[in-house]
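Shown here: protein-v8.pdb, PDB, C-alpha atoms.
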MODEL        1
ATOM      1  CA  MET A   1     -34.619 141.277 -63.504  1.00  0.00           C
ATOM      2  CA  SER A   2     -36.304 138.000 -62.594  1.00  0.00           C
ATOM      3  CA  SER A   3     -36.161 138.822 -58.869  1.00  0.00           C
ATOM      4  CA  LEU A   4     -37.922 142.116 -59.578  1.00  0.00           C
ATOM      5  CA  VAL A   5     -40.672 140.312 -61.472  1.00  0.00           C
ATOM      6  CA  GLY A   6     -40.966 137.755 -58.674  1.00  0.00           C
ATOM      7  CA  GLN A   7     -41.323 140.480 -56.075  1.00  0.00           C
ATOM      8  CA  GLY A   8     -43.959 142.217 -58.198  1.00  0.00           C
ATOM      9  CA  VAL A   9     -45.941 139.011 -58.580  1.00  0.00           C
ATOM     10  CA  ALA A  10     -45.720 138.337 -54.837  1.00  0.00           C
ATOM     11  CA  MET A  11     -46.898 141.857 -54.044  1.00  0.00           C
ATOM     12  CA  LEU A  12     -49.818 141.502 -56.453  1.00  0.00           C
ATOM     13  CA  ALA A  13     -50.771 138.145 -54.923  1.00  0.00           C
ATOM     14  CA  ILE A  14     -50.759 139.632 -51.416  1.00  0.00           C
ATOM     15  CA  PHE A  15     -52.910 142.528 -52.619  1.00  0.00           C
ATOM     16  CA  VAL A  16     -55.420 140.189 -54.292  1.00  0.00           C
ATOM     17  CA  LEU A  17     -55.616 137.921 -51.231  1.00  0.00           C
ATOM     18  CA  GLY A  18     -56.136 140.867 -48.899  1.00  0.00           C
ATOM     19  CA  LEU A  19     -58.757 142.557 -51.061  1.00  0.00           C
ATOM     20  CA  PRO A  20     -61.797 140.599 -49.747  1.00  0.00           C
ATOM     21  CA  SER A  21     -60.978 141.517 -46.149  1.00  0.00           C
ATOM     22  CA  PHE A  22     -60.428 145.148 -47.091  1.00  0.00           C
ATOM     23  CA  VAL A  23     -63.727 145.357 -48.987  1.00  0.00           C
ATOM     24  CA  LEU A  24     -65.610 143.699 -46.131  1.00  0.00           C
ATOM     25  CA  ALA A  25     -64.002 146.068 -43.625  1.00  0.00           C
ATOM     26  CA  LEU A  26     -64.954 149.040 -45.777  1.00  0.00           C
ATOM     27  CA  VAL A  27     -68.564 147.809 -46.032  1.00  0.00           C
ATOM     28  CA  ALA A  28     -68.690 147.234 -42.261  1.00  0.00           C
ATOM     29  CA  TYR A  29     -67.356 150.722 -41.622  1.00  0.00           C
ATOM     30  CA  LEU A  30     -69.685 152.467 -44.074  1.00  0.00           C
ATOM     31  CA  THR A  31     -72.809 150.592 -42.994  1.00  0.00           C
ATOM     32  CA  GLY A  32     -71.980 150.311 -39.302  1.00  0.00           C
ATOM     33  CA  SER A  33     -72.995 146.652 -39.371  1.00  0.00           C
ATOM     34  CA  LEU A  34     -71.554 144.551 -36.572  1.00  0.00           C
ATOM     35  CA  VAL A  35     -72.384 141.329 -38.421  1.00  0.00           C
ATOM     36  CA  VAL A  36     -70.298 142.363 -41.415  1.00  0.00           C
ATOM     37  CA  GLY A  37     -67.534 143.370 -38.998  1.00  0.00           C
ATOM     38  CA  TRP A  38     -67.490 139.878 -37.482  1.00  0.00           C
ATOM     39  CA  VAL A  39     -67.549 138.319 -40.952  1.00  0.00           C
ATOM     40  CA  THR A  40     -64.563 140.514 -41.827  1.00  0.00           C
ATOM     41  CA  LEU A  41     -62.703 139.272 -38.766  1.00  0.00           C
ATOM     42  CA  VAL A  42     -63.362 135.626 -39.611  1.00  0.00           C
ATOM     43  CA  ALA A  43     -62.457 136.132 -43.274  1.00  0.00           C
ATOM     44  CA  GLY A  44     -59.212 137.873 -42.346  1.00  0.00           C
ATOM     45  CA  VAL A  45     -58.195 135.129 -39.935  1.00  0.00           C
ATOM     46  CA  VAL A  46     -59.038 132.369 -42.425  1.00  0.00           C
ATOM     47  CA  ILE A  47     -57.248 134.055 -45.332  1.00  0.00           C
ATOM     48  CA  GLY A  48     -54.239 134.888 -43.147  1.00  0.00           C
ATOM     49  CA  THR A  49     -53.998 131.353 -41.770  1.00  0.00           C
ATOM     50  CA  ALA A  50     -54.252 129.867 -45.251  1.00  0.00           C
ATOM     51  CA  GLY A  51     -51.578 132.251 -46.501  1.00  0.00           C
ATOM     52  CA  VAL A  52     -49.178 131.317 -43.712  1.00  0.00           C
ATOM     53  CA  TRP A  53     -49.823 127.606 -44.222  1.00  0.00           C
ATOM     54  CA  VAL A  54     -49.214 127.791 -47.989  1.00  0.00           C
ATOM     55  CA  GLY A  55     -46.155 129.999 -47.500  1.00  0.00           C
ATOM     56  CA  VAL A  56     -44.549 127.656 -44.997  1.00  0.00           C
ATOM     57  CA  ARG A  57     -45.257 124.599 -47.131  1.00  0.00           C
ATOM     58  CA  ARG A  58     -43.857 126.177 -50.316  1.00  0.00           C
ATOM     59  CA  GLY A  59     -40.926 127.765 -48.525  1.00  0.00           C
ATOM     60  CA  GLY A  60     -40.080 124.447 -46.867  1.00  0.00           C
ATOM     61  CA  ALA A  61     -40.205 122.653 -50.208  1.00  0.00           C
ATOM     62  CA  ILE A  62     -37.889 125.230 -51.778  1.00  0.00           C
ATOM     63  CA  PHE A  63     -35.510 124.986 -48.822  1.00  0.00           C
ATOM     64  CA  ASP A  64     -35.478 121.182 -48.991  1.00  0.00           C
ATOM     65  CA  ARG A  65     -34.747 121.293 -52.706  1.00  0.00           C
ATOM     66  CA  ARG A  66     -31.892 123.813 -52.337  1.00  0.00           C
ATOM     67  CA  GLU A  67     -30.487 122.578 -49.021  1.00  0.00           C
ATOM     68  CA  PRO A  68     -27.266 121.040 -50.414  1.00  0.00           C
ATOM     69  CA  GLU A  69     -26.440 124.205 -52.353  1.00  0.00           C
ATOM     70  CA  LEU A  70     -27.182 126.411 -49.356  1.00  0.00           C
ATOM     71  CA  LEU A  71     -25.034 124.311 -47.022  1.00  0.00           C
ATOM     72  CA  GLN A  72     -22.155 124.386 -49.492  1.00  0.00           C
ATOM     73  CA  GLN A  73     -22.431 128.147 -49.836  1.00  0.00           C
ATOM     74  CA  VAL A  74     -22.540 128.708 -46.076  1.00  0.00           C
ATOM     75  CA  ALA A  75     -19.590 126.343 -45.532  1.00  0.00           C
ATOM     76  CA  SER A  76     -17.501 128.453 -47.907  1.00  0.00           C
ATOM     77  CA  TYR A  77     -17.921 131.485 -45.622  1.00  0.00           C
ATOM     78  CA  ARG A  78     -15.295 130.139 -43.171  1.00  0.00           C
TER      79      ARG A  78
ENDMDL
END
Spit out the file's structure as structure tokens when you get a sec.
Amino acid sequence: MSSLVGQGVAMLAIFVLGLPSFVLALVAYLTGSLVVGWVTLVAGVVIGTAGVWVGVRRGGAIFDRREPELLQQVASYR
């Protein structure tokens, strides 16, 4: 059950982080404004880069914390 909740929270976080880019893209499309289109591109790249950076940092910290357990589990596969 906890993994289902975790996946739901992660999906909601991705949706919330992607919402500004989606709204800007929709505004650029509806208005035909090239300036808003370029702002959308920059916002998407910045938000995406920040998301990757945070994800790698948090994922690395989790891996470092669980490394002994993971190595023991993988060693038992032989």
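The two atoms in question, atom CA of Val52 of chain A and atom CA of Gln7 of chain A, are spaced 17.3 Å apart.
In this structure, atom CA of Ser76 of chain A sits 18.4 Å away from atom CA of Phe63 of chain A.
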Identify, on the basis of all atoms listed in the file, every residue whose closest approach to Ala43 of chain A does not exceed 9 Å; exclude the query and any residue fewer than 6 positions from it along the same chain; express the result as a PDB file with C-alpha atoms, in the coordinates of the input.
ATOM      1  CA  PRO A  20     -61.797 140.599 -49.747  1.00  0.00           C
ATOM      2  CA  SER A  21     -60.978 141.517 -46.149  1.00  0.00           C
ATOM      3  CA  LEU A  24     -65.610 143.699 -46.131  1.00  0.00           C
TER       4      LEU A  24
END
- request: Rounded to one decimal place, report the atom CA of Ala10 of chain A-atom CA of Val74 of chain A distance in Å.
  value: 26.6 Å
task: Rank A:Gly60, A:Pro68, A:Arg78, A:Ala25 by their smallest atom-to-atom distance to Trp38 of chain A, using all atoms listed in the file, and report the top residue only.
output: A:Ala25
Residues near Gly37 of chain A, cut-off 12 Å, only C-alpha atoms, skip fewer than 5 positions along chain, as a short mmCIF file (atom, residue, chain, number, x, y, z; two decimals) with C-alpha atoms, in the frame of the given file:
data_model
loop_
_atom_site.label_atom_id
_atom_site.label_comp_id
_atom_site.auth_asym_id
_atom_site.auth_seq_id
_atom_site.Cartn_x
_atom_site.Cartn_y
_atom_site.Cartn_z
CA SER A 21 -60.98 141.52 -46.15
CA PHE A 22 -60.43 145.15 -47.09
CA VAL A 23 -63.73 145.36 -48.99
CA LEU A 24 -65.61 143.70 -46.13
CA ALA A 25 -64.00 146.07 -43.62
CA LEU A 26 -64.95 149.04 -45.78
CA VAL A 27 -68.56 147.81 -46.03
CA ALA A 28 -68.69 147.23 -42.26
CA TYR A 29 -67.36 150.72 -41.62
CA LEU A 30 -69.68 152.47 -44.07
CA THR A 31 -72.81 150.59 -42.99
CA GLY A 32 -71.98 150.31 -39.30
CA VAL A 42 -63.36 135.63 -39.61
CA ALA A 43 -62.46 136.13 -43.27
CA GLY A 44 -59.21 137.87 -42.35
#
Selected residue, from A:Val39, A:Val56, A:Leu70, A:Ile47, that lies nearest to Leu17 of chain A when counting all atoms listed in the file: A:Ile47
Counting all atoms listed in the file, the residue of A:Ser33, A:Glu67, A:Gly59, A:Gly18 that sits nearest Val45 of chain A: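 Among A:Ser33, A:Glu67, A:Gly59, A:Gly18, it is A:Gly18 that comes nearest to Val45 of chain A.
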As JSON: centre and edge lengths in Å, one decimal, of the axis-aligned box holding segment 62-73 of chain A with 4 Å per side:
{"center_x": -30.0, "center_y": 124.6, "center_z": -49.9, "size_x": 23.7, "size_y": 15.1, "size_z": 13.7}
